[in-house]
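Student: Supplied structure: upload11.txt, compact mmCIF, C-alpha atoms and all ligand atoms.
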```
# COMPACT_ATOMS: atom_id res chain seq x y z
CA MET A 1 -6.23 -39.07 -61.84
CA LYS A 2 -2.68 -38.33 -63.00
CA ILE A 3 -1.52 -39.35 -66.48
CA ALA A 4 2.08 -38.75 -67.57
CA ILE A 5 3.42 -39.10 -71.08
CA ILE A 6 7.16 -39.54 -71.71
CA GLY A 7 8.27 -38.07 -75.04
CA GLY A 8 7.12 -35.08 -77.08
CA GLY A 9 7.50 -36.67 -80.53
CA ILE A 10 4.69 -37.67 -82.88
CA ALA A 11 3.49 -40.49 -80.58
CA GLY A 12 3.67 -38.40 -77.38
CA LEU A 13 1.95 -35.34 -78.83
CA THR A 14 -0.83 -37.31 -80.54
CA ALA A 15 -1.35 -39.30 -77.30
CA ALA A 16 -1.76 -35.98 -75.46
CA ILE A 17 -4.36 -34.97 -78.07
CA ALA A 18 -6.19 -38.31 -77.66
CA PHE A 19 -6.32 -38.04 -73.85
CA GLN A 20 -7.41 -34.40 -74.01
CA LYS A 21 -10.17 -35.25 -76.50
CA ALA A 22 -11.34 -38.10 -74.24
CA GLY A 23 -11.63 -35.68 -71.29
CA TYR A 24 -8.33 -36.26 -69.45
CA THR A 25 -5.53 -33.78 -68.70
CA PRO A 26 -2.15 -35.47 -69.11
CA VAL A 27 1.30 -33.96 -68.54
CA ASP A 28 4.11 -34.56 -71.02
CA PHE A 29 7.86 -34.82 -70.30
CA GLU A 30 10.32 -34.29 -73.17
CA ALA A 31 14.09 -34.81 -72.95
CA ALA A 32 15.05 -32.02 -75.38
CA GLU A 33 15.29 -28.44 -74.14
CA THR A 34 12.83 -27.40 -76.84
CA VAL A 35 10.34 -29.55 -78.71
CA LYS A 36 12.21 -29.56 -81.97
CA PRO A 37 11.48 -32.15 -84.62
CA VAL A 38 14.52 -34.08 -85.78
CA GLY A 39 14.22 -35.17 -89.38
CA ALA A 40 13.16 -33.99 -92.76
CA GLY A 41 10.06 -35.05 -94.64
CA LEU A 42 7.48 -37.69 -93.82
CA GLY A 43 4.98 -39.71 -95.77
CA LEU A 44 1.60 -39.81 -94.05
CA ALA A 45 -0.21 -42.69 -95.72
CA ALA A 46 -4.00 -42.96 -95.91
CA ASN A 47 -4.13 -45.08 -92.74
CA ALA A 48 -2.49 -42.27 -90.73
CA ILE A 49 -4.80 -39.67 -92.29
CA LYS A 50 -7.77 -41.80 -91.23
CA ALA A 51 -6.33 -41.89 -87.69
CA LEU A 52 -5.86 -38.10 -87.68
CA GLU A 53 -9.50 -37.79 -88.74
CA LYS A 54 -10.53 -39.87 -85.73
CA LEU A 55 -8.50 -37.54 -83.50
CA GLY A 56 -10.29 -34.55 -85.09
CA ILE A 57 -7.13 -32.97 -86.54
CA LYS A 58 -7.03 -34.27 -90.12
CA ASN A 59 -7.85 -30.96 -91.80
CA LYS A 60 -5.27 -29.02 -89.80
CA VAL A 61 -2.53 -31.50 -90.76
CA VAL A 62 -3.40 -31.91 -94.44
CA GLU A 63 -3.52 -28.11 -94.87
CA LYS A 64 0.25 -28.19 -94.27
CA GLY A 65 0.87 -31.23 -96.41
CA ARG A 66 0.89 -32.16 -100.07
CA VAL A 67 -1.09 -34.94 -101.72
CA LEU A 68 1.12 -37.83 -102.81
CA SER A 69 -0.20 -38.59 -106.28
CA SER A 70 2.12 -41.44 -107.27
CA PHE A 71 5.19 -43.35 -106.22
CA THR A 72 7.64 -44.92 -108.68
CA ILE A 73 10.48 -47.32 -107.97
CA LYS A 74 13.14 -47.15 -110.69
CA ASP A 75 16.43 -48.81 -111.53
CA GLU A 76 19.63 -46.82 -111.78
CA LYS A 77 19.08 -46.29 -115.51
CA ASP A 78 15.84 -44.46 -114.58
CA LYS A 79 13.61 -47.27 -115.88
CA THR A 80 10.46 -48.02 -113.92
CA ILE A 81 10.37 -51.14 -111.75
CA THR A 82 6.97 -50.46 -110.12
CA TYR A 83 4.51 -47.60 -110.37
CA THR A 84 1.79 -46.91 -107.78
CA ASP A 85 -1.02 -44.56 -108.73
CA SER A 86 -1.76 -43.20 -105.25
CA LEU A 87 -4.79 -41.27 -106.50
CA LYS A 88 -6.39 -44.54 -107.60
CA VAL A 89 -5.75 -45.84 -104.09
CA SER A 90 -7.32 -42.67 -102.69
CA ARG A 91 -10.43 -43.13 -104.83
CA GLU A 92 -10.78 -46.68 -103.54
CA TYR A 93 -10.32 -45.83 -99.85
CA GLY A 94 -11.87 -42.35 -99.97
CA ILE A 95 -8.78 -40.81 -98.40
CA ASP A 96 -5.52 -39.41 -99.78
CA ASN A 97 -1.88 -40.11 -98.97
CA PHE A 98 0.11 -37.01 -98.00
CA THR A 99 3.68 -35.85 -97.53
CA ILE A 100 4.60 -33.26 -94.92
CA HIS A 101 7.64 -31.59 -93.41
CA ARG A 102 8.17 -33.03 -89.93
CA ALA A 103 8.46 -29.52 -88.47
CA ALA A 104 5.05 -28.57 -89.91
CA LEU A 105 3.44 -31.68 -88.41
CA HIS A 106 4.93 -30.95 -84.98
CA GLU A 107 3.73 -27.37 -85.13
CA VAL A 108 0.15 -28.51 -85.82
CA LEU A 109 0.24 -31.17 -83.08
CA LEU A 110 1.63 -28.75 -80.49
CA ALA A 111 -1.06 -26.19 -81.28
CA GLN A 112 -3.79 -28.74 -80.41
CA ILE A 113 -2.81 -29.15 -76.77
CA PRO A 114 -2.84 -25.66 -75.20
CA ASN A 115 -3.96 -27.09 -71.84
CA VAL A 116 -1.44 -29.90 -71.63
CA GLN A 117 1.58 -29.04 -69.48
CA LEU A 118 4.68 -29.90 -71.51
CA TYR A 119 7.92 -30.01 -69.51
CA THR A 120 11.11 -29.86 -71.59
CA GLY A 121 14.65 -30.79 -70.54
CA LYS A 122 13.22 -33.81 -68.67
CA LYS A 123 15.08 -36.94 -69.75
CA CYS A 124 13.40 -39.98 -68.24
CA THR A 125 15.84 -42.61 -66.98
CA GLY A 126 13.31 -45.15 -65.76
CA CYS A 127 10.33 -45.63 -63.50
CA MET A 128 9.47 -47.42 -60.25
CA VAL A 129 6.11 -49.14 -60.25
CA GLN A 130 4.91 -48.88 -56.64
CA GLU A 131 1.81 -50.22 -54.92
CA ASN A 132 -0.27 -47.06 -55.35
CA ASN A 133 1.46 -45.15 -58.11
CA ILE A 134 4.34 -44.97 -60.58
CA GLN A 135 7.37 -42.86 -59.86
CA VAL A 136 8.94 -41.51 -63.06
CA LEU A 137 12.65 -40.77 -62.66
CA PHE A 138 14.56 -38.06 -64.52
CA LYS A 139 18.24 -37.53 -65.31
CA ASP A 140 18.22 -34.19 -63.43
CA GLY A 141 17.50 -36.11 -60.21
CA SER A 142 13.83 -35.12 -60.01
CA SER A 143 10.86 -37.48 -60.11
CA PHE A 144 7.13 -37.34 -60.80
CA ASP A 145 4.42 -39.49 -59.23
CA THR A 146 1.65 -40.55 -61.58
CA ASP A 147 -1.22 -43.05 -61.72
CA TYR A 148 -0.71 -43.94 -65.38
CA LEU A 149 2.31 -43.72 -67.65
CA ILE A 150 2.37 -43.54 -71.45
CA VAL A 151 5.84 -44.36 -72.74
CA ALA A 152 6.40 -42.56 -76.07
CA ASP A 153 10.11 -41.80 -75.93
CA GLY A 154 11.17 -43.60 -79.09
CA ILE A 155 13.25 -46.63 -80.00
CA HIS A 156 15.86 -46.16 -77.23
CA SER A 157 13.20 -45.99 -74.47
CA PRO A 158 14.85 -46.83 -71.12
CA VAL A 159 11.47 -47.75 -69.57
CA ARG A 160 10.81 -50.32 -72.32
CA GLN A 161 14.28 -51.77 -71.95
CA LYS A 162 13.57 -52.28 -68.25
CA LEU A 163 10.11 -53.78 -68.83
CA VAL A 164 11.29 -55.99 -71.72
CA PRO A 165 14.91 -56.93 -71.00
CA GLY A 166 16.96 -57.39 -74.16
CA SER A 167 14.67 -55.20 -76.29
CA VAL A 168 17.56 -53.23 -77.73
CA PRO A 169 17.49 -51.61 -81.19
CA ARG A 170 18.86 -53.79 -84.01
CA PHE A 171 20.90 -52.44 -86.93
CA ALA A 172 19.31 -53.07 -90.34
CA GLY A 173 22.59 -53.22 -92.31
CA TYR A 174 22.37 -49.84 -94.05
CA THR A 175 22.89 -46.20 -93.26
CA CYS A 176 20.88 -43.17 -94.34
CA TRP A 177 21.25 -39.49 -95.28
CA ARG A 178 18.34 -37.13 -95.77
CA ALA A 179 17.62 -33.43 -96.21
CA VAL A 180 15.00 -30.94 -97.41
CA VAL A 181 15.87 -28.64 -100.34
CA ASP A 182 14.19 -25.92 -102.36
CA ASN A 183 12.35 -27.52 -105.28
CA THR A 184 11.75 -24.31 -107.27
CA ALA A 185 14.48 -24.91 -109.82
CA LEU A 186 14.52 -28.71 -109.56
CA LYS A 187 10.78 -28.94 -110.40
CA ILE A 188 10.42 -32.54 -109.24
CA ASN A 189 6.69 -33.19 -109.02
CA ASN A 190 6.49 -36.93 -108.50
CA SER A 191 7.86 -39.10 -105.73
CA TYR A 192 10.35 -41.77 -106.72
CA GLU A 193 13.01 -44.07 -105.34
CA ILE A 194 15.96 -45.52 -107.28
CA TRP A 195 17.04 -49.04 -106.34
CA GLY A 196 20.59 -49.40 -107.68
CA SER A 197 23.84 -51.24 -107.12
CA LYS A 198 25.19 -48.50 -104.80
CA GLY A 199 22.06 -48.19 -102.70
CA ARG A 200 18.81 -46.28 -102.83
CA PHE A 201 18.14 -42.64 -103.60
CA GLY A 202 14.64 -41.20 -103.32
CA ALA A 203 12.90 -37.84 -103.57
CA VAL A 204 9.50 -36.72 -102.31
CA PRO A 205 7.96 -33.28 -103.07
CA LEU A 206 6.57 -31.43 -100.03
CA ALA A 207 4.24 -28.46 -99.76
CA GLY A 208 5.70 -24.98 -100.23
CA ASN A 209 8.00 -25.91 -103.10
CA GLN A 210 10.22 -28.05 -100.94
CA LEU A 211 11.70 -31.46 -101.74
CA TYR A 212 12.65 -34.16 -99.27
CA TRP A 213 15.36 -36.60 -100.40
CA PHE A 214 16.93 -39.66 -98.80
CA ALA A 215 19.74 -42.05 -99.63
CA THR A 216 20.56 -45.44 -98.11
CA VAL A 217 23.81 -47.37 -98.50
CA ASN A 218 24.84 -50.79 -97.12
CA SER A 219 27.19 -50.34 -94.19
CA THR A 220 28.41 -51.64 -90.86
CA ALA A 221 26.88 -50.01 -87.76
CA ASN A 222 28.15 -46.54 -86.84
CA ASN A 223 30.65 -46.58 -89.69
CA THR A 224 32.90 -43.50 -89.38
CA HIS A 225 33.68 -43.46 -93.10
CA PHE A 226 30.00 -42.90 -93.94
CA LYS A 227 29.35 -40.81 -90.83
CA ASN A 228 31.86 -38.24 -92.18
CA PHE A 229 30.37 -38.22 -95.68
CA THR A 230 29.80 -34.76 -97.16
CA LEU A 231 27.58 -33.85 -100.09
CA SER A 232 30.53 -34.12 -102.48
CA ASN A 233 31.19 -37.65 -101.21
CA LEU A 234 27.51 -38.47 -101.85
CA LYS A 235 27.70 -36.92 -105.32
CA ALA A 236 30.70 -39.10 -106.14
CA TRP A 237 29.02 -42.19 -104.65
CA PHE A 238 25.88 -41.75 -106.76
CA GLU A 239 27.57 -40.33 -109.89
CA GLU A 240 26.21 -43.11 -112.12
CA TYR A 241 22.62 -42.53 -110.99
CA PRO A 242 20.26 -40.39 -113.13
CA PRO A 243 21.47 -36.74 -113.40
CA LYS A 244 18.68 -35.37 -111.20
CA THR A 245 20.46 -37.10 -108.27
CA ALA A 246 23.50 -34.82 -108.62
CA ALA A 247 21.21 -31.82 -109.17
CA ILE A 248 19.31 -32.52 -105.92
CA LEU A 249 22.57 -32.95 -104.01
CA SER A 250 23.89 -29.67 -105.51
CA TYR A 251 20.89 -27.81 -104.08
CA THR A 252 21.55 -29.21 -100.59
CA SER A 253 23.73 -27.44 -98.06
CA ASP A 254 26.09 -29.51 -95.89
CA ASP A 255 24.45 -28.25 -92.69
CA ALA A 256 21.03 -29.53 -93.90
CA LEU A 257 22.35 -33.09 -94.14
CA ILE A 258 21.01 -35.54 -91.52
CA TRP A 259 22.77 -38.87 -91.14
CA ASN A 260 21.74 -41.91 -89.13
CA ASP A 261 21.97 -45.68 -89.21
CA ILE A 262 18.71 -47.48 -89.92
CA ILE A 263 17.56 -49.44 -86.88
CA ASP A 264 14.37 -51.12 -85.72
CA LEU A 265 13.06 -53.16 -82.83
CA LYS A 266 12.48 -56.91 -82.98
CA PRO A 267 8.71 -57.24 -82.28
CA ILE A 268 7.93 -57.58 -78.57
CA SER A 269 4.92 -59.50 -77.26
CA LYS A 270 3.48 -56.92 -74.84
CA TYR A 271 2.73 -53.20 -74.93
CA ALA A 272 0.58 -52.95 -71.76
CA PHE A 273 2.16 -53.48 -68.34
CA GLY A 274 -0.55 -52.71 -65.75
CA ASN A 275 -0.81 -48.93 -65.63
CA VAL A 276 2.10 -48.44 -68.05
CA LEU A 277 1.58 -48.43 -71.83
CA LEU A 278 4.21 -48.38 -74.59
CA ILE A 279 3.29 -46.62 -77.85
CA GLY A 280 4.98 -45.44 -81.07
CA ASP A 281 8.63 -46.30 -81.69
CA ALA A 282 9.06 -47.12 -77.99
CA ALA A 283 6.74 -50.09 -78.63
CA HIS A 284 7.27 -51.06 -82.27
CA ALA A 285 9.98 -49.12 -84.11
CA THR A 286 10.22 -50.17 -87.74
CA THR A 287 12.68 -49.49 -90.58
CA PRO A 288 11.44 -46.68 -92.87
CA ASN A 289 11.01 -48.90 -95.97
CA MET A 290 7.20 -48.72 -95.87
CA GLY A 291 7.10 -45.14 -94.55
CA GLN A 292 4.94 -46.39 -91.69
CA GLY A 293 6.73 -45.64 -88.37
CA ALA A 294 5.01 -42.33 -87.66
CA CYS A 295 1.81 -43.59 -89.32
CA GLN A 296 1.68 -46.47 -86.84
CA ALA A 297 2.37 -44.10 -83.93
CA ILE A 298 -0.63 -42.02 -85.03
CA GLU A 299 -2.74 -45.18 -85.49
CA ASP A 300 -1.78 -46.18 -81.93
CA THR A 301 -3.28 -43.03 -80.51
CA ALA A 302 -6.47 -43.32 -82.60
CA VAL A 303 -6.96 -46.84 -81.19
CA LEU A 304 -6.10 -45.62 -77.69
CA TYR A 305 -8.69 -42.85 -78.05
CA ASP A 306 -11.26 -45.45 -79.11
CA GLU A 307 -10.51 -47.51 -76.02
CA LEU A 308 -10.54 -44.49 -73.67
CA LEU A 309 -14.07 -43.68 -74.85
CA LYS A 310 -15.27 -47.12 -73.76
CA GLY A 311 -14.64 -46.11 -70.13
CA GLY A 312 -13.67 -48.34 -67.20
CA GLU A 313 -10.22 -48.87 -65.76
CA LEU A 314 -7.44 -47.38 -67.87
CA SER A 315 -5.29 -50.48 -67.33
CA THR A 316 -8.06 -52.51 -69.01
CA ALA A 317 -8.18 -50.01 -71.89
CA PHE A 318 -4.39 -50.45 -72.23
CA LEU A 319 -4.82 -54.24 -72.47
CA ARG A 320 -7.54 -53.89 -75.11
CA PHE A 321 -5.22 -51.51 -77.00
CA GLU A 322 -2.46 -54.12 -76.91
CA LYS A 323 -4.80 -56.81 -78.22
CA ARG A 324 -5.77 -54.61 -81.16
CA ARG A 325 -2.29 -53.39 -82.03
CA LEU A 326 0.17 -56.30 -81.68
CA LYS A 327 -0.57 -58.19 -84.91
CA ARG A 328 -0.63 -55.19 -87.23
CA THR A 329 2.47 -53.48 -85.83
CA HIS A 330 4.40 -56.79 -85.91
CA PHE A 331 3.38 -57.24 -89.56
CA ILE A 332 4.63 -53.74 -90.47
CA THR A 333 7.99 -54.22 -88.71
CA ASN A 334 8.62 -57.64 -90.27
CA GLN A 335 7.43 -56.71 -93.76
CA SER A 336 9.43 -53.46 -93.75
CA ALA A 337 12.60 -55.31 -92.70
CA ARG A 338 12.05 -57.79 -95.57
CA ILE A 339 11.54 -54.96 -98.11
CA GLY A 340 14.76 -53.32 -96.89
CA LYS A 341 16.77 -56.49 -97.51
CA ILE A 342 15.37 -56.82 -101.04
CA ALA A 343 15.77 -53.12 -101.88
CA GLN A 344 19.36 -52.95 -100.62
CA ALA A 345 20.56 -55.86 -102.81
CA THR A 346 23.84 -55.00 -104.53
CA HIS A 347 24.80 -58.20 -106.40
CA PRO A 348 24.11 -57.67 -110.16
CA LEU A 349 22.36 -61.05 -110.54
CA MET A 350 20.17 -60.44 -107.50
CA ILE A 351 19.28 -56.98 -108.80
CA LYS A 352 18.40 -58.36 -112.24
CA ALA A 353 16.21 -61.11 -110.79
CA ARG A 354 14.53 -58.76 -108.31
CA ASN A 355 13.74 -56.10 -110.90
CA ALA A 356 12.35 -58.70 -113.32
CA LEU A 357 10.18 -60.21 -110.59
CA PHE A 358 8.83 -56.86 -109.43
CA ARG A 359 8.12 -55.76 -113.02
CA SER A 360 6.12 -58.93 -113.62
CA LEU A 361 4.03 -58.72 -110.43
CA PRO A 362 0.33 -58.58 -111.31
CA GLY A 363 -1.50 -55.42 -110.20
CA SER A 364 -3.84 -57.57 -108.09
CA ILE A 365 -0.96 -58.54 -105.76
CA LYS A 366 0.05 -54.92 -105.30
CA ASP A 367 -3.60 -53.98 -104.65
CA LYS A 368 -3.88 -56.72 -102.02
CA GLN A 369 -0.76 -55.44 -100.24
CA LEU A 370 -2.05 -51.86 -100.24
CA LYS A 371 -5.44 -53.01 -98.97
CA LYS A 372 -3.74 -54.69 -96.02
CA LEU A 373 -1.75 -51.54 -95.31
CA TYR A 374 -4.73 -49.22 -95.40
CA HIS A 375 -7.04 -51.51 -93.44
CA THR A 376 -6.68 -49.95 -89.99
CA ASP A 377 -7.48 -51.35 -86.53
CA PHE A 378 -10.37 -48.85 -86.04
C1 LIG A 401 15.07 -42.06 -92.44
C2 LIG A 401 13.72 -42.19 -91.83
C3 LIG A 401 12.59 -41.91 -92.61
C4 LIG A 401 11.31 -42.07 -92.08
N1 LIG A 401 10.23 -41.82 -92.88
C5 LIG A 401 8.98 -42.03 -92.41
C6 LIG A 401 7.84 -41.79 -93.22
O1 LIG A 401 7.94 -41.37 -94.38
N2 LIG A 401 6.61 -42.03 -92.69
C7 LIG A 401 6.45 -42.49 -91.42
O2 LIG A 401 5.32 -42.71 -91.01
N3 LIG A 401 7.52 -42.71 -90.61
C8 LIG A 401 8.76 -42.49 -91.06
N4 LIG A 401 9.84 -42.69 -90.26
C9 LIG A 401 9.64 -43.18 -88.87
C10 LIG A 401 9.27 -42.08 -87.92
O3 LIG A 401 10.26 -41.09 -87.93
C11 LIG A 401 9.12 -42.62 -86.49
O4 LIG A 401 8.40 -43.81 -86.51
C12 LIG A 401 8.41 -41.61 -85.61
O5 LIG A 401 9.19 -40.46 -85.47
C13 LIG A 401 8.15 -42.23 -84.24
O6 LIG A 401 7.60 -41.25 -83.40
P1 LIG A 401 7.75 -41.44 -81.82
O7 LIG A 401 7.12 -40.22 -81.24
O8 LIG A 401 7.26 -42.77 -81.41
O9 LIG A 401 9.30 -41.46 -81.54
P2 LIG A 401 10.39 -40.32 -81.77
O10 LIG A 401 10.16 -39.60 -83.03
O11 LIG A 401 11.71 -40.96 -81.55
O12 LIG A 401 10.11 -39.29 -80.59
C14 LIG A 401 10.47 -39.58 -79.26
C15 LIG A 401 10.48 -38.28 -78.47
O13 LIG A 401 10.83 -38.58 -77.12
C16 LIG A 401 11.96 -37.81 -76.72
N5 LIG A 401 12.76 -38.66 -75.84
C17 LIG A 401 13.64 -39.62 -76.19
N6 LIG A 401 14.13 -40.19 -75.10
C18 LIG A 401 13.56 -39.59 -74.04
C19 LIG A 401 13.68 -39.77 -72.64
N7 LIG A 401 14.49 -40.70 -72.12
N8 LIG A 401 12.92 -38.98 -71.82
C20 LIG A 401 12.08 -38.05 -72.34
N9 LIG A 401 11.93 -37.85 -73.67
C21 LIG A 401 12.66 -38.61 -74.50
C22 LIG A 401 12.68 -37.44 -78.00
O14 LIG A 401 13.44 -36.26 -77.84
C23 LIG A 401 11.52 -37.28 -78.98
O15 LIG A 401 10.98 -35.99 -78.91
C24 LIG A 401 11.14 -42.51 -90.74
C25 LIG A 401 12.27 -42.77 -89.96
C26 LIG A 401 13.54 -42.60 -90.48
C27 LIG A 401 14.74 -42.91 -89.62
```
Take the structure I supplied and represent it as structure tokens, if you would.
Tutor:
Amino acid sequence: MKIAIIGGGIAGLTAAIAFQKAGYTPVDFEAAETVKPVGAGLGLAANAIKALEKLGIKNKVVEKGRVLSSFTIKDEKDKTITYTDSLKVSREYGIDNFTIHRAALHEVLLAQIPNVQLYTGKKCTGCMVQENNIQVLFKDGSSFDTDYLIVADGIHSPVRQKLVPGSVPRFAGYTCWRAVVDNTALKINNSYEIWGSKGRFGAVPLAGNQLYWFATVNSTANNTHFKNFTLSNLKAWFEEYPPKTAAILSYTSDDALIWNDIIDLKPISKYAFGNVLLIGDAAHATTPNMGQGACQAIEDTAVLYDELLKGGELSTAFLRFEKRRLKRTHFITNQSARIGKIAQATHPLMIKARNALFRSLPGSIKDKQLKKLYHTDF
């Protein structure tokens, strides 16, 4: 039985781990010449850690991560809007939230699949579903015949766009910069995000004395003005934010800066198409406002693993997967898009009303929201 995975990102690599653990030997095709993680830091919330535990790799991942002890949302005068004690959440759910450098996560995932053949430089352009198999097509003119296809090639997936016409990424209305810097002198020990009139600026400590920061600013799509922003432009843009903002930017080198527009995918109604299954961002890309995109990709593969263990036809397992995953992934995408709109407000009256509302929210509402987030499909 041949199983091919398209994409060597978090979804593709964890899917390879899930298949391997369930007794299958998949092959993986990655477009990049080397499997190199693009990005900076990542939050791995308790739900993702639970999924990694199911896949048998929790300890290896958390060894490279750092426990997220709290998360504070502040206004631009550095006054708290909301405070989440993540350790309290951990005590309740018996599992911690972590932060990790994307490169460290990839390294761990890659090390778990020594027997999976990973072909790089193989950009998939589409697939032909034939009577007895699926022919996967590549940009270099080659093809690969497989019985089953796992599509994990991210938000721009050409296979998804063919299976679900019109499922093109949508622009969220804001653009983002991020980087990882040395935290030795900065000494920032708690994660926070500032919601201000010029956008958001957040910082998240990582293991090994590193700090991940991100900034989001309202924009039009692919705006060249922002695309050409340097660190000094960012410093000027955020000059009225608390002084640690300028300090973090001063410790960042221009070549460490990653810029991209924030995009997501309007929820689609199907992930399973016979012997083809969409997972990760290829199926349900979300904005990063809840820090759940990669977490949901990892949850996908934990659920897939569960279904593989039940045996029977893989196409039936794919359908059961879809049934278990649609509602939750749709909720995350929609809720995250809503949070983004609220967090990116720039009108002073809107900001005032929002901050007052969030400050007055009873703890029980916040607890209910977290409970929903951490209640996984497995
Ligand atoms: C600013 C920002 C911050 C984020 N923060 C968090 C966070 O804190 N926590 C969290 O859980 N998530 C976060 N996310 C989301 C997270 O990055 C994604 O959800 C996650 O990377 C999805 O993994 P994936 O493997 O499905 O897709 P991708 O990461 O997009 O990986 C797809 C892989 O497929 C390859 N590929 C692409 N096209 C092809 C092709 N045609 N053929 C073959 N291979 C192909 C790519 O090279 C890549 O290796 C954030 C996202 C952004 C933009």
Student: Can you tell me how far CA of Ile5 in chain A sits from CA of Leu149 in chain A, in Å to one decimal?
Tutor: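 That distance, rounded to one decimal, is 5.9 Å.
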Student: Have a look at A:Val180, A:Ala152, A:Ile49, A:Leu277 and name the one nearest to ligand LIG 401 (chain A); count only C-alpha atoms and all ligand atoms.
Tutor: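 Ranked by minimum distance to ligand LIG 401 (chain A), first place goes to A:Ala152.
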Student: Within 12 Å of (0.1, -45.9, -57.0) (coordinates as in the file), grab all the protein and nucleic acid residues, counting only C-alpha atoms, and write them out as JSON, numbers by chain.
Tutor: {"A": [1, 2, 3, 128, 129, 130, 131, 132, 133, 134, 135, 136, 144, 145, 146, 147, 148, 149, 274, 275, 276]}
Student: One decimal, Å: what's the distance from CA of Phe318 in chain A over to CA of Ala103 in chain A, could you say?
Tutor: 29.4 Å
Student: Restricting the calculation to all atoms listed in the file, which member of A:Ala11, A:Ala4, A:Leu231, A:Ala317 is positioned closest to Gly293 in chain A?
Tutor: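 Closest to Gly293 in chain A, using all atoms listed in the file: A:Ala11.
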Student: Check every protein, DNA and RNA residue against ligand LIG 401 (chain A), keep those with an atom at most 6 Å away (counting all atoms listed in the file), and present them as an NGL selection string.
Tutor: :A and (6-12 or 29-32 or 42-44 or 122-125 or 152-154 or 157 or 280-282 or 288 or 291-295 or 297)
Student: What is the CA of Thr287 in chain A-CA of Glu76 in chain A distance in Å, reported with one decimal?
Tutor: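 It comes out at 22.5 Å.
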Student: Go through A:Glu63, A:Asp75, A:Pro348, A:Phe138 one by one, measure the shortest atom-to-atom distance of each to Tyr119 in chain A using only C-alpha atoms, and give the residue with the smallest value.
Tutor: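 Answer, going by the shortest atom-to-atom distance: A:Phe138.
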Student: Rank A:Ile332, A:Ser86, A:Asn209, A:Asp255 by their smallest atom-to-atom distance to Lys366 in chain A, using all atoms listed in the file, and report the top residue only.
Tutor: A:Ser86
Student: So that I can see what lies close to range 200-206 of chain A, please list as an MDAnalysis selection string the residues with an atom at most 7 Å from it, counting only C-alpha atoms and leaving out residues fewer than 2 positions away in the same chain.
Tutor: chainID A and resid 65:66 99:101 188:196 208:217
Student: Taking only C-alpha atoms into account, name the residue in A:Ala185, A:Ile248, A:Ile365, A:Ile81 that is nearest to Lys235 in chain A.
Tutor: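 Between A:Ala185, A:Ile248, A:Ile365, A:Ile81, the residue approaching Lys235 in chain A most closely is A:Ile248.
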Student: So that I can check the surroundings of Phe226 in chain A, please list as a PyMOL selection string every protein, DNA and RNA residue that reaches within 9 Å of it, counting all atoms listed in the file and ignoring chain neighbours fewer than 3 positions away.
Tutor: chain A and resi 175+217+219+222-223+229-230+259
Student: Which residues are close to Phe19 in chain A, i.e. within 9 Å by all atoms listed in the file, leaving aside same-chain residues fewer than 2 positions away? Reply as a ChimeraX atom specification.
Tutor: /A:3,14-17,21-26,301,304-305,308
Student: Nearest to Ala256 in chain A: which of A:Ile155, A:Val181, A:Ala345, A:Met350 is it, counting all atoms listed in the file?
Tutor: A:Val181
Student: Which centre and edge lengths in Å to one decimal define the box along x, y and z that fits every listed atom of range 303-318 of chain A plus 3 Å per side, as AutoDock Vina command-line options?
Tutor:
```
--center_x -9.8 --center_y -47.7 --center_z -73.5 --size_x 16.9 --size_y 15.7 --size_z 21.4
```
Student: Write out as a CSV table (one decimal) with C-alpha atoms, keeping the file's coordinate frame which residues come within 12 Å of Ala283 in chain A when counting all atoms listed in the file, dropping same-chain ones fewer than 6 positions away.
Tutor:
```
chain,number,residue,atom,x,y,z
A,11,ALA,CA,3.5,-40.5,-80.6
A,150,ILE,CA,2.4,-43.5,-71.4
A,151,VAL,CA,5.8,-44.4,-72.7
A,152,ALA,CA,6.4,-42.6,-76.1
A,153,ASP,CA,10.1,-41.8,-75.9
A,154,GLY,CA,11.2,-43.6,-79.1
A,155,ILE,CA,13.2,-46.6,-80.0
A,156,HIS,CA,15.9,-46.2,-77.2
A,157,SER,CA,13.2,-46.0,-74.5
A,158,PRO,CA,14.8,-46.8,-71.1
A,159,VAL,CA,11.5,-47.8,-69.6
A,160,ARG,CA,10.8,-50.3,-72.3
A,161,GLN,CA,14.3,-51.8,-72.0
A,163,LEU,CA,10.1,-53.8,-68.8
A,164,VAL,CA,11.3,-56.0,-71.7
A,167,SER,CA,14.7,-55.2,-76.3
A,168,VAL,CA,17.6,-53.2,-77.7
A,169,PRO,CA,17.5,-51.6,-81.2
A,264,ASP,CA,14.4,-51.1,-85.7
A,265,LEU,CA,13.1,-53.2,-82.8
A,266,LYS,CA,12.5,-56.9,-83.0
A,267,PRO,CA,8.7,-57.2,-82.3
A,268,ILE,CA,7.9,-57.6,-78.6
A,269,SER,CA,4.9,-59.5,-77.3
A,270,LYS,CA,3.5,-56.9,-74.8
A,271,TYR,CA,2.7,-53.2,-74.9
A,272,ALA,CA,0.6,-53.0,-71.8
A,273,PHE,CA,2.2,-53.5,-68.3
A,276,VAL,CA,2.1,-48.4,-68.0
A,277,LEU,CA,1.6,-48.4,-71.8
A,293,GLY,CA,6.7,-45.6,-88.4
A,296,GLN,CA,1.7,-46.5,-86.8
A,297,ALA,CA,2.4,-44.1,-83.9
A,300,ASP,CA,-1.8,-46.2,-81.9
A,322,GLU,CA,-2.5,-54.1,-76.9
A,325,ARG,CA,-2.3,-53.4,-82.0
A,326,LEU,CA,0.2,-56.3,-81.7
A,329,THR,CA,2.5,-53.5,-85.8
A,330,HIS,CA,4.4,-56.8,-85.9
A,333,THR,CA,8.0,-54.2,-88.7
```
